[in-house]
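Here the structure is laid out as structure tokens; the discussion comes afterwards.
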Amino acid sequence: MADPSRWLAAWLRAAGRGASLLREAWRQATGRQSTRRYSAGRDLAQAPGERLRMVLAGAAGLLAAAAQPPLDWGALAWVALAPLPLLLQGARGARGAGRLGFAWGLAYHGALFAWLPEALSAEAGLGPVSAWGLPLVSITVLAAFPAAALAVAGALGERGVSPLWSFPPLFALQDAALGVSPFGGMPWATLAAAQTDSLAARVLVPLGGGAALVLALAAVNAAWAGWVRAALDRASRARAPGPGLRARRWPRHGPLAAGRMVGVLAAGAVLAAGAVLALATAGLALPLAPRDPAPMEEQPPFTAILLGSDLSHAQLQGFYDNPAGVRLFLGRTAQAVLAAPAGPPGAPRQAQLALWPESGVGMPIERGKTLVELNRFATALDTDVLLGSLAEEPGRVYNAAYLVTGGRFDFRRYDKRELVPFGEYVPPGFRWAFGSKLTAGETDYTAGDSPPVLPWRGARLGLAICFESILPGHVRRAAAEGATVLAVLSNDLWLSPAARLRHLRLTALESLAIGRDALFVANAGWSALLRDGVALRAVAGGQAALTVTAIPRAALTPWVRWGYLPLAALLALWSAAAAAATIGAGGHGRARCDRLPSRIVSRKSRLGRHIPH
């Protein structure tokens with residue numbers, strides 16, 4: 001463990017640098033003379049103007065984070081990105097634009113992962129170096145994605161492509177990249193999760209996944225940036241007198257009066273464009289209620305009981321070699337089934353499936369004992385059980401889900417395919433620095449290779465264990481394999497209350513993308529039925545069982561059929577429109593003219609002392 005005095009000194013130095021940065025940014029913004037001198041050869045990032053841009057980019061990142069829980073101001077997602085295209089217009093090439101993206105990413109991901117150091121310290125028992133070091137490295141890696149996107153936008157800006165056109169597709173591409181990288185995907189902070197119940201999400205997410213919704217969000221933000229730029233340009237032209245004119249009251253008649261009328265009409269056009277943009281934004285953000293899909297004849301609706309829990313780490317570890325966990329959930333399931341109202345005569349008992357959370361049992365399931373007892377229980381109550389537990393084989397440990405049915409002894413098992421890096425396994429090349437995984441046990445979990453689908457009573461359950469429910473590729477694979485309902489078993493004990501809600505929203509986003517109802521049950525989290533991006537019924541914590549009715553669906557959305565091809569088509573259309581706008585505006589010539597004044601100014605500064613006055 002590092003010396004606490006060294007940590008304190010390092011934090012004080014960092015705080016001093018931050019205070020200096022804010023002071024210089026304030027002096028730059030207020031027009032006061034800087035207290036520091038900058039040499040011509042110093043890097044551009046050290047200049048007060050460039051520092052101010054980075055501070056504003058970081059503030060935009062915090063504003064975007066406010067659209068996510070715990071603040072949960074979802075409407076901010078439609079305007080929080082607007083400062084980025086405006087800041088890009090003054091960035092110095094790809095390097096300056098990349099710095100802006102990195103500052104935005106650090107602030108945005110830092111705000112959303114602020115809970116992680118405390119969780120690693122309290123729940124995993126890590127020391128301060130590891131508890132803070134791992135989140136800082138993770139945030140830095142995630143911030144590299146928007147940095148790369150904005151760097152490309154800056155490079156295109158040097159070639160005449162306006163950031164108002166280049167920013168939306170590049171920002172959507174970095175969001176799609178986070179769905180598959182690093183370590184199989186890290187889409188934890190996608191802005192699409194803040195708008196799962198909107199009209200835009202209902203149309204675009206089944207078409208191209210969450211990245212298609214991010215494209216719409218970035219496009220609307222770019223439109224707001226363009227409107228702000230037009231309004232500021234109009235205001236500056238209105239304040240500045242024309243060439244050869246003094247600032248005085250304009251006459252009521254003559255050419256100047258006509259010019260004034262043109263200016264009034266132009267200002268009115270800007271205001272009208274802002275009103276239209278505001279109405280369009282409100283329409284896209286309009287929340288929609290979920291639909292009632294028609295039941296399938298071969299797969300009728302079924303009722304499930306979601307049995308969340310509030311077990312602590314100590315209790316879960318106590319259940320490892322103890323059947324108390326199984327008895328606890330068996331008792332709760334029996335109470336919930338018997339308390340449910342009976343169905344019509346001749347109909348099956350109302351509760352047909354009981355879902356227990358991930359790691360709720362704690363102990364590895366034994367084929368000859370526990371599974372037989374669960375089968376007898378399911379037979380007696382006519383209620384099948386889907387539970388999360390461990391599966392041990394010689395030299396291997398799996399994070400598994402078991403589906404135990406009544407009647408003739410039968411069970412099916414799904415082994416988790418997408419493991420949490422560092423939590424359930426240590427990626428190759430990192431063991432020397434990290435040691436063992438965070439979860440209990442020294443042995444890394446082994447990833448499963450079977451399809452994430454289990455047949456059940458004519459339906460097909462798509463399985464997702466914890467982190468898998470937010471990975472676009474995994475959920476899409478389950479739907480492509482024939483899943484008609486998504487079942488999610490999770491253990492959210494590690495997460496903060498805001499992160500637990502974000503997990504639920506991200507799962508709702510993916511269930512909307514594949515067009516399936518999702519049954520979500522968690523330890524120390526939420527129990528909910530998700531449909532069309534909305535939680536139809538939800539309860540936090542595990543104090544009460546939640547009885548819901550799920551409707552199986554088999555129709556494939558465009559996202560399931562074609563993956564990222566619809567998104568690629570949208571990006572191609574946007575790129576064609578951007579190319580046409582750039583060519584129409586003479587982008588290349590304008591880019592050369594934009595660089596011309598700096599050359600002229602630098603030449604005048606060198607020769608000014610030789611010019612007689």
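To be explicit about the labels: the chains of the structure tokens are called A, B, and onward in the order shown, and within each one the residues are counted from 1, while ligands get numbers from 1 in the order they are shown.
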
TODO: Please return as number ranges by chain: the residues of range 448-563 of chain A that backbone DSSP assigns to strand (DSSP E).
DONE: A: 453-456, 459-465, 485-491, 517-523, 526-531, 534-540, 546-550

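Residues surrounding Ala336 in chain A within 10 Å are Ile305, Leu306, Leu307, Leu330, Ala351, Ala354, Ala544, Ala545, Leu546 and Thr547 of chain A [only C-alpha atoms; sequence separation below 6 positions excluded].
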
Pull the closest atom pair for each residue of range 147-208 of chain A that gets at most 9 Å from range 221-239 of chain A, along with the distance in Å to one decimal, counting only C-alpha atoms, ordering rows by chain and then ascending residue number, as a tab-separated table.
residue	atom	partner	partner_atom	distance
A:Pro163	CA	A:Ala222	CA	8.2
A:Leu164	CA	A:Ala222	CA	5.3
A:Trp165	CA	A:Ala222	CA	7.6
A:Phe167	CA	A:Ala222	CA	7.3
A:Pro168	CA	A:Ala222	CA	7.0

Task: For Thr190 in chain A: contacts at 9 Å, only C-alpha atoms, fewer than 2 positions along chain excluded, given as a VMD selection string - done: chain A and resid 175 178 to 179 187 to 188 192 to 194 210 to 211 214 506

Open item on the list: Neighbouring residues of range 517-525 of chain A were defined as those with any atom within 8 Å, considering only C-alpha atoms; residues of the same chain fewer than 2 positions away were excluded. Please report them as a ChimeraX atom specification.
Closed with: /A:306-311,355-358,360,484-493,497,500-501,504,507-508,511,515,527-532,540-542,550-553
